[in-house]
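*Asks:* Take this structure, written in structure tokens, and hold onto it; I'll ask about it next.
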Amino acid sequence: MRYRPHAMRPVRTYPAELETLDLFTVWSTLSPLDDRFDPFFFPQRMAAYRMLIEATNRRRQFGDDNRRNPLWALVFQHHWQFQSGRLGARAERDGTIDPDAPWGFGNYALCAIPWVAAVSTGLVPDRPLQAPPGPSRFDYDPDSFRAGTSDWCRYFAAAEAADPGDDEPVRLALWKAHKACLDVVAHRLATVDSGSDSPAELAFLRGWCRMVDYLWAAAWRTDFDFTVTHGLGVLPARLLDDRPERPDLPARVGRNVATVIRLSRSPAWRHRVNLTLWRRVMRSREARDDVLAMLDALFNPNPGNVAARRRLVRYLLRG
């Protein structure tokens with residue numbers, strides 16, 4: 001299927017609240033991609049995201065200001081990677097993304113590969129990908145992500161046909177594509193030498209790849225409002241070192257880091273079993289709407305979430 005682009009109508013392409021956030025400094029100064037797409041330059045990755053967000057809302061199915069667009073979480077995630085130094089030493093100086101930066105490789109799979117899919121469907125103009133500037137320990141050949149590319153094509157078809165009253169099917173399509181790409185990333189991370197990256201930082205990234213399985217099953221919301229309310233300030237603002245204690249991290253961030261690292265170190269068989277049970281919990285729309293409390297009950301059991309843990313068991317045992 002190839003898209004027949006709709007006639008463009010004047011539309012605000014971002015929510016007004018974006019202008020109060022750090023991201024706006026980048027967002028408001030982006031230049032459109034010209035004759036090629038250099039995915040090793042931070043502003044170009046962000047420009048690609050902006051073009052994808054604009055192109056997937058031509059019917060205003062995600063709102064007149066695009067606030068329900070499911071791609072917003074990827075934009076904020078990449079901005080966090082940039083601000084926290086996870087794209088390499090040069091990124092903050094001149095925007096250059098180090099091809100050997102693990103988080104940069106992970107985001108390549110979630111920015112350049114969706115772009116390749118969008119080009120193949122005719123959704124965005126054909127801007128060829130620039131290759132890495134030199135040898136890298138990661139494989140940036142788009143053919144390595146064929147399954148992810150196919151799933152992103154299906155995502156864009158779902159976004160085109162989205163029902164303005166129910167975004168969940170589109171989110172599920174997004175998470176499936178997200179997962180297909182990160183599976184390739186996780187496999188590569190398991191086989192490369194850690195280099196200068198701390199074991200804790202790599203464990204955090206590996207655990208984050210596993211966390212995607214839980215978010216997909218829950219159809220986790222990735223629109224602007226939900227991301228701003230629940231997705232900002234929850235991840236570490238600096239690279240992790242290998243000190244066992246991290247008193248400099250805010251309590252909530254520290255708990256999230258500990259949870260994700262534990263997830264990375266869980267045996268593969270246990271991860272599969274736990275994920276099977278979690279998918280059973282998330283079968284109903286009621287449970288998915290209750291996902292914030294359910295994730296807290298699952299990963300942070302404490303006296304304050306006893307009621308949520310009881311609900312989790314009820315969701316699990318329902319016929």
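Labeling convention for the structure tokens: chains A, B, ... as they appear, residues from 1 per chain, ligands from 1 in order of appearance.
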So which residues touch region 103-115 of chain A within 8 Å, counting only C-alpha atoms, skipping near sequence neighbours fewer than 2 positions away, as a PyMOL selection string?
*Replies:* chain A and resi 39+45+48-49+52+74+78+81+86-88+97-101+117-119+124+129+138+140+142+145+148-149+152-153+178+181-182+185+205
*Asks:* My list of candidates is A:Gly85, A:Pro135, A:Pro303, A:Pro70. Which is closest to Thr227 (chain A) when distances are computed with only C-alpha atoms?
*Replies:*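 Result for the nearest residue to Thr227 (chain A): A:Pro70.
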*Asks:* What separation in Å, quoted to one decimal, exists between CA of Leu263 (chain A) and CA of Val234 (chain A)?
*Replies:* 16.6 Å
*Asks:* Need to verify the contact set: Arg206 (chain A), 10 Å, only C-alpha atoms, exclusion of same-chain residues closer than 4 positions in sequence. Can you return it as a list in words?
*Replies:*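 The neighbour list is Pro102, Leu182, Val185, Ala186, His187, Leu189, Ala190, Ala200, Glu201, Leu202, Arg210, Met211, Val260, Ile261, Leu263, Ser264 and Arg265 of chain A.
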*Asks:* Write to file, as a PDB file, in the first residue's frame, the residues of the selection just made, with C-alpha atoms.
*Replies:*
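Written output follows (result.pdb):
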```pdb
ATOM      1  CA  PRO A 102      24.676   2.389  22.893  1.00  0.00           C
ATOM      2  CA  LEU A 182      14.750  -3.085  20.071  1.00  0.00           C
ATOM      3  CA  VAL A 185      19.402  -3.714  19.558  1.00  0.00           C
ATOM      4  CA  ALA A 186      19.222  -6.000  22.606  1.00  0.00           C
ATOM      5  CA  HIS A 187      20.778  -8.896  20.691  1.00  0.00           C
ATOM      6  CA  LEU A 189      24.159  -5.270  23.101  1.00  0.00           C
ATOM      7  CA  ALA A 190      24.505  -8.815  24.423  1.00  0.00           C
ATOM      8  CA  ALA A 200      25.524  -0.318  35.283  1.00  0.00           C
ATOM      9  CA  GLU A 201      24.693   1.916  32.314  1.00  0.00           C
ATOM     10  CA  LEU A 202      24.627  -1.027  29.904  1.00  0.00           C
ATOM     11  CA  ARG A 210      12.997  -5.624  28.419  1.00  0.00           C
ATOM     12  CA  MET A 211      10.675  -3.053  29.960  1.00  0.00           C
ATOM     13  CA  VAL A 260      15.188  -1.539  35.376  1.00  0.00           C
ATOM     14  CA  ILE A 261      18.615  -2.902  36.333  1.00  0.00           C
ATOM     15  CA  LEU A 263      14.931  -6.521  35.195  1.00  0.00           C
ATOM     16  CA  SER A 264      18.082  -6.714  33.061  1.00  0.00           C
ATOM     17  CA  ARG A 265      19.665  -9.217  35.453  1.00  0.00           C
TER      18      ARG A 265
END
```
*Asks:* When DSSP is applied to the backbone of this structure, which of region 130-228 of chain A are assigned alpha helix (DSSP H)? Write them out as an NGL selection string.
*Replies:* :A and (146-160 or 168-189 or 199-217 or 224-228)
*Asks:* Which residue out of A:Gly254, A:Phe42, A:Leu33, A:Leu21 has the minimum interatomic distance to Arg93 (chain A) when only C-alpha atoms are used?
*Replies:* A:Phe42
*Asks:* Please, what distance in Å, to one decimal, runs between CA of Leu30 (chain A) and CA of Thr96 (chain A)?
*Replies:*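 Here the two named atoms are 15.0 Å from each other.
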*Asks:* Give me, as a tab-separated table, the closest atom pair and its distance (Å, one decimal) for every residue of region 2-74 of chain A within a cut-off of 10 Å of region 161-165 of chain A, counting only C-alpha atoms, rows sorted by chain and rising number.
*Replies:*
```
residue	atom	partner	partner_atom	distance
A:Thr56	CA	A:Ala162	CA	9.8
A:Asn57	CA	A:Ala162	CA	9.6
A:Arg59	CA	A:Ala161	CA	9.3
A:Arg60	CA	A:Pro164	CA	8.3
A:Gln61	CA	A:Pro164	CA	4.9
A:Phe62	CA	A:Pro164	CA	6.3
A:Gly63	CA	A:Pro164	CA	7.8
A:Arg68	CA	A:Pro164	CA	9.0
```
*Asks:* Could you save those same residues with N, CA and C atoms as a PDB file, in the first residue's frame?
*Replies:*
```pdb
ATOM      1  N   THR A  56       1.759  12.301  10.035  1.00  0.00           N
ATOM      2  CA  THR A  56       0.797  11.298  10.502  1.00  0.00           C
ATOM      3  C   THR A  56      -0.451  11.912  11.105  1.00  0.00           C
ATOM      4  N   ASN A  57      -0.633  13.218  10.955  1.00  0.00           N
ATOM      5  CA  ASN A  57      -1.835  13.855  11.512  1.00  0.00           C
ATOM      6  C   ASN A  57      -2.571  14.675  10.466  1.00  0.00           C
ATOM      7  N   ARG A  59      -5.241  14.118   8.849  1.00  0.00           N
ATOM      8  CA  ARG A  59      -6.699  14.182   9.037  1.00  0.00           C
ATOM      9  C   ARG A  59      -7.061  14.797  10.389  1.00  0.00           C
ATOM     10  N   ARG A  60      -6.048  15.238  11.126  1.00  0.00           N
ATOM     11  CA  ARG A  60      -6.235  15.750  12.484  1.00  0.00           C
ATOM     12  C   ARG A  60      -6.843  14.687  13.402  1.00  0.00           C
ATOM     13  N   GLN A  61      -6.551  13.435  13.080  1.00  0.00           N
ATOM     14  CA  GLN A  61      -7.091  12.350  13.899  1.00  0.00           C
ATOM     15  C   GLN A  61      -6.449  12.307  15.282  1.00  0.00           C
ATOM     16  N   PHE A  62      -5.309  12.961  15.439  1.00  0.00           N
ATOM     17  CA  PHE A  62      -4.661  13.026  16.751  1.00  0.00           C
ATOM     18  C   PHE A  62      -4.821  14.402  17.398  1.00  0.00           C
ATOM     19  N   GLY A  63      -5.819  15.144  16.937  1.00  0.00           N
ATOM     20  CA  GLY A  63      -6.102  16.447  17.507  1.00  0.00           C
ATOM     21  C   GLY A  63      -5.578  17.569  16.638  1.00  0.00           C
ATOM     22  N   ARG A  68      -2.349  14.086  20.671  1.00  0.00           N
ATOM     23  CA  ARG A  68      -2.574  12.664  20.897  1.00  0.00           C
ATOM     24  C   ARG A  68      -1.684  11.796  20.006  1.00  0.00           C
TER      25      ARG A  68
END
```
*Asks:* Grab the CA of Arg137 (chain A) to CA of Ser150 (chain A) distance for me, in Å with one decimal place.
*Replies:*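 One can read the CA of Arg137 (chain A) to CA of Ser150 (chain A) distance as 24.9 Å.
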*Asks:* Which residues are close to Trp175 (chain A), i.e. within 8 Å by only C-alpha atoms, leaving aside same-chain residues fewer than 5 positions away? Reply as a PyMOL selection string.
*Replies:* chain A and resi 212+215-216+219
*Asks:* Considering only C-alpha atoms, state which residue in the set A:Tyr155, A:Phe40, A:Tyr14, A:Trp72 is at the smallest distance from Ser28 (chain A).
*Replies:*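 Answer, going by the shortest atom-to-atom distance: A:Tyr14.
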